[in-house]
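Shown next, in structure tokens, is the structure this report addresses.
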Amino acid sequence: MNKQKDLWDQLAKENPMYYINSDKGKRITKDQFRDSGANDYMEYIFTDDLIMDIPRLSADLVTIVDLGCGIGRMTEFMVDDFDKVVGIDVSHEMIMMARERLKGVNNVLLIETDGEILPLENRSIDIVFSYLVFQHIKERKIVKSNFKEVYRVLKPGGLFKVRIRSDKVSLDKWWGGVEYTEQSIGQLVKKVGFNLLKTEPVGNYGFWLWLRK
């Protein structure tokens with residue numbers, strides 16, 4: 001996984017906003033970057049009934065993990081709706097930039113990880129969310145270890161929403177990662193212990209999974 005860490009540290013130094021969200025090209029502005037985070041937060045988290053029902057169902061303080069947070073593109077918009085937000089990323093450079101962007105925010109914790117182990121306690125998290133992350137992971141064993149770690153840290157009944165790649169792309173490309181069919185990822189999900197709530201295709205290149213512990 002060190003190669004993956006080295007890659008994302010390099011990309012962070014070159015142009016972090018572009019490599020996190022390439023839709024606007026390499027000349028993406030800070031305003032465009034922030035707007036993209038706000039829009040994606042509204043689409044993929046705030047209006048997702050499965051996610052937003054958890055705070056209403058739980059008597060405890062609600063903690064959400066942004067797995068693969070980058071420099072906090074979506075993380076910054078989670079802090080108003082959740083009691084505690086944990087941003088995790090494999091890149092040291094990304095985490096340092098996220099800390100600078102979100103300094104002064106009291107309910108966010110930003111953690112650098114090795115890409116396999118989540119430095120969080122068992123059954124301590126209500127929601128784990130991961131968007132443009134698993135599509136870049138280049139080894140299936142790393143995907144498996146992350147799924148197992150997410151399962152470990154989630155509370156019973158906790159939710160994992162994650163987007164998976166379904167198209168085959170060269171792993172030599174910076175954006176390349178291992179692909180799955182709904183059947184093959186379903187086998188992994190079942191082995192780990194998750195209940196698959198639903199799936200949703202994203203074009204011909206990916207799909208969302210909603211998983212319950």
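Each chain in the structure tokens gets a letter, A, B and so on, in the order shown; residues start at 1 in every chain, and ligands are counted from 1 in the order they appear.
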At most 8 Å is the cut-off: for each residue in region 48-87 of chain A with any atom that close to an atom of region 105-112 of chain A, write down the nearest atom pair and the distance in Å rounded to one decimal, counting only C-alpha atoms, chain first then increasing number, as a Markdown table.
```
| residue | atom | partner | partner_atom | distance |
| --- | --- | --- | --- | --- |
| A:Val79 | CA | A:Asn107 | CA | 6.5 |
| A:Asp83 | CA | A:Asn107 | CA | 6.6 |
| A:Lys84 | CA | A:Asn107 | CA | 5.0 |
| A:Val85 | CA | A:Val108 | CA | 4.6 |
| A:Val86 | CA | A:Leu109 | CA | 4.7 |
| A:Gly87 | CA | A:Leu110 | CA | 4.6 |
```
Write the residues you've just listed into a file as a PDB file, in the first residue's frame, and include C-alpha atoms for each of them.
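The result, written out as result-v6.pdb:
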```pdb
ATOM      1  CA  VAL A  79     -19.851  18.954  10.399  1.00  0.00           C
ATOM      2  CA  ASP A  83     -22.045  15.341  16.057  1.00  0.00           C
ATOM      3  CA  LYS A  84     -18.594  14.033  15.164  1.00  0.00           C
ATOM      4  CA  VAL A  85     -16.902  13.743  11.768  1.00  0.00           C
ATOM      5  CA  VAL A  86     -13.778  11.656  11.134  1.00  0.00           C
ATOM      6  CA  GLY A  87     -11.900  12.189   7.880  1.00  0.00           C
TER       7      GLY A  87
END
```
For this session: From the DSSP assignment of the backbone, select every residue of region 88-208 of chain A that is alpha helix (DSSP H), and format the answer as a ChimeraX atom specification.
Result: /A:92-101,140-153,182-192
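Counting only C-alpha atoms, the residue from A:Asp80, A:Tyr151, A:Gly157, A:Tyr131 that sits nearest to Val202 (chain A) is A:Tyr131.
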Margin query: Need the shell around Leu171 (chain A): protein/DNA/RNA residues with any atom at most 9 Å away, counting only C-alpha atoms. Skip same-chain ones fewer than 4 positions apart. Format as a ChimeraX atom specification?
Written below: /A:136-138,175-178
Output file for the residues above (C-alpha atoms, as a PDB file, in the first residue's frame):
```
ATOM      1  CA  HIS A 136      -8.648   3.880  -7.312  1.00  0.00           C
ATOM      2  CA  ILE A 137      -7.605   0.942  -5.109  1.00  0.00           C
ATOM      3  CA  LYS A 138      -5.335  -1.306  -7.132  1.00  0.00           C
ATOM      4  CA  TRP A 175      -7.242   6.730 -11.667  1.00  0.00           C
ATOM      5  CA  GLY A 176      -7.208   2.967 -12.302  1.00  0.00           C
ATOM      6  CA  GLY A 177      -8.380   0.421  -9.761  1.00  0.00           C
ATOM      7  CA  VAL A 178      -9.750  -3.086  -9.482  1.00  0.00           C
TER       8      VAL A 178
END
```
Excluding region 22-35 of chain A and residues on its chain fewer than 6 positions from it, collect all residues at most 10 Å away from it, counting only C-alpha atoms, and give them as an mmCIF file with C-alpha atoms, in the first residue's frame.
```cif
data_model
loop_
_atom_site.group_PDB
_atom_site.id
_atom_site.type_symbol
_atom_site.label_atom_id
_atom_site.label_comp_id
_atom_site.auth_asym_id
_atom_site.auth_seq_id
_atom_site.Cartn_x
_atom_site.Cartn_y
_atom_site.Cartn_z
ATOM 1 C CA ASN A 15 -2.810 19.591 -7.967
ATOM 2 C CA PRO A 16 -4.941 18.196 -5.122
ATOM 3 C CA TYR A 41 -22.866 16.260 -0.064
ATOM 4 C CA GLY A 72 -11.956 17.638 3.036
ATOM 5 C CA ARG A 73 -14.015 18.390 -0.075
ATOM 6 C CA MET A 74 -17.158 16.806 1.387
ATOM 7 C CA GLU A 76 -16.495 20.214 5.687
ATOM 8 C CA PHE A 77 -20.203 19.945 4.934
#
```
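Residues in contact with Arg212 (chain A) at up to 10 Å, not including ones fewer than 4 positions away on its chain and judged by only C-alpha atoms, are Leu50, Ile127, Tyr151, Leu154, Lys155, Pro156, Gly157, Gly158, Leu159, Phe160, Lys161, Gly193, Phe194, Asn195, Leu196, Leu197 and Lys198 of chain A.
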Just list the residues in region 21-190 of chain A DSSP gives strand (DSSP E) on the backbone, as a compact mmCIF listing (two decimals) with C-alpha atoms, in the first residue's frame.
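Resulting contents of out32.txt:
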```txt
# COMPACT_ATOMS: atom_id res chain seq x y z
CA THR A 63 -20.34 9.83 14.25
CA ILE A 64 -19.70 9.66 10.50
CA VAL A 65 -16.45 8.66 8.80
CA ASP A 66 -15.46 10.16 5.45
CA LEU A 67 -13.25 7.33 4.17
CA LYS A 84 -18.59 14.03 15.16
CA VAL A 85 -16.90 13.74 11.77
CA VAL A 86 -13.78 11.66 11.13
CA GLY A 87 -11.90 12.19 7.88
CA ILE A 88 -9.47 9.42 6.94
CA ASP A 89 -7.02 9.38 4.04
CA VAL A 108 -13.85 17.00 13.02
CA LEU A 109 -10.90 14.64 13.44
CA LEU A 110 -8.55 14.08 10.48
CA ILE A 111 -6.42 10.94 10.45
CA GLU A 112 -3.73 9.60 8.13
CA ILE A 125 -18.98 4.57 14.32
CA ASP A 126 -22.54 5.05 13.08
CA ILE A 127 -21.90 5.75 9.38
CA VAL A 128 -19.00 5.22 6.99
CA PHE A 129 -19.21 7.01 3.64
CA SER A 130 -16.79 6.60 0.73
CA LEU A 154 -19.34 0.19 12.81
CA LYS A 155 -21.87 -0.11 15.59
CA PRO A 156 -24.51 -2.81 15.16
CA GLY A 157 -27.01 -1.38 12.71
CA GLY A 158 -24.42 1.04 11.34
CA LEU A 159 -24.41 1.94 7.64
CA PHE A 160 -21.65 1.79 5.02
CA LYS A 161 -22.34 3.63 1.76
CA VAL A 162 -19.61 3.10 -0.83
CA ARG A 163 -19.11 3.46 -4.56
CA ILE A 164 -17.41 0.63 -6.44
CA ARG A 165 -15.80 0.53 -9.89
```
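Close contacts of Met96 (chain A), defined as residues with an atom at most 10 Å away when counting only C-alpha atoms, with chain neighbours fewer than 2 positions off set aside, comprise Gly70, Ile71, Ser91, His92, Glu93, Met94, Ala98, Arg99, Glu100, Arg101, Leu110, Ile111 and Glu112 of chain A.
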Could those residues be written to a file, using N, CA and C atoms, as a short mmCIF file (atom, residue, chain, number, x, y, z; two decimals), in the first residue's frame?
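Saved the output as part.cif:
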```
data_model
loop_
_atom_site.label_atom_id
_atom_site.label_comp_id
_atom_site.auth_asym_id
_atom_site.auth_seq_id
_atom_site.Cartn_x
_atom_site.Cartn_y
_atom_site.Cartn_z
N GLY A 70 -9.54 13.03 1.34
CA GLY A 70 -8.74 13.98 0.59
C GLY A 70 -8.46 15.22 1.43
N ILE A 71 -8.68 16.39 0.86
CA ILE A 71 -8.44 17.63 1.60
C ILE A 71 -9.73 18.17 2.22
N SER A 91 -3.14 9.58 2.25
CA SER A 91 -2.12 10.56 1.90
C SER A 91 -1.82 11.51 3.06
N HIS A 92 -0.57 11.55 3.46
CA HIS A 92 -0.14 12.49 4.49
C HIS A 92 -0.35 13.92 4.02
N GLU A 93 -0.02 14.19 2.76
CA GLU A 93 -0.15 15.54 2.22
C GLU A 93 -1.61 16.00 2.22
N MET A 94 -2.51 15.10 1.82
CA MET A 94 -3.93 15.44 1.80
C MET A 94 -4.43 15.77 3.19
N ALA A 98 -6.07 19.16 4.54
CA ALA A 98 -7.42 19.15 5.12
C ALA A 98 -7.42 19.82 6.49
N ARG A 99 -6.39 19.58 7.28
CA ARG A 99 -6.31 20.21 8.60
C ARG A 99 -6.20 21.72 8.48
N GLU A 100 -5.50 22.18 7.46
CA GLU A 100 -5.40 23.61 7.26
C GLU A 100 -6.74 24.20 6.82
N ARG A 101 -7.43 23.49 5.89
CA ARG A 101 -8.71 23.99 5.40
C ARG A 101 -9.76 24.02 6.51
N LEU A 110 -9.14 14.48 11.76
CA LEU A 110 -8.55 14.08 10.48
C LEU A 110 -7.36 13.18 10.74
N ILE A 111 -7.39 11.98 10.13
CA ILE A 111 -6.42 10.94 10.45
C ILE A 111 -5.78 10.39 9.17
N GLU A 112 -4.46 10.28 9.20
CA GLU A 112 -3.73 9.60 8.13
C GLU A 112 -3.70 8.11 8.45
#
```
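Here CA of Ser36 (chain A) is placed at a distance of 27.0 Å from CA of Arg56 (chain A).
Proximity of A:Val133, A:Val189, A:Val90, A:Ile142 to Gln10 (chain A), computed with only C-alpha atoms, is greatest for A:Val90.
With CA of Val192 (chain A) on one side and CA of Gln135 (chain A) on the other, the separation reads 19.3 Å.
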CA of Asn39 (chain A) sits from CA of Ser170 (chain A) at a separation of 29.4 Å
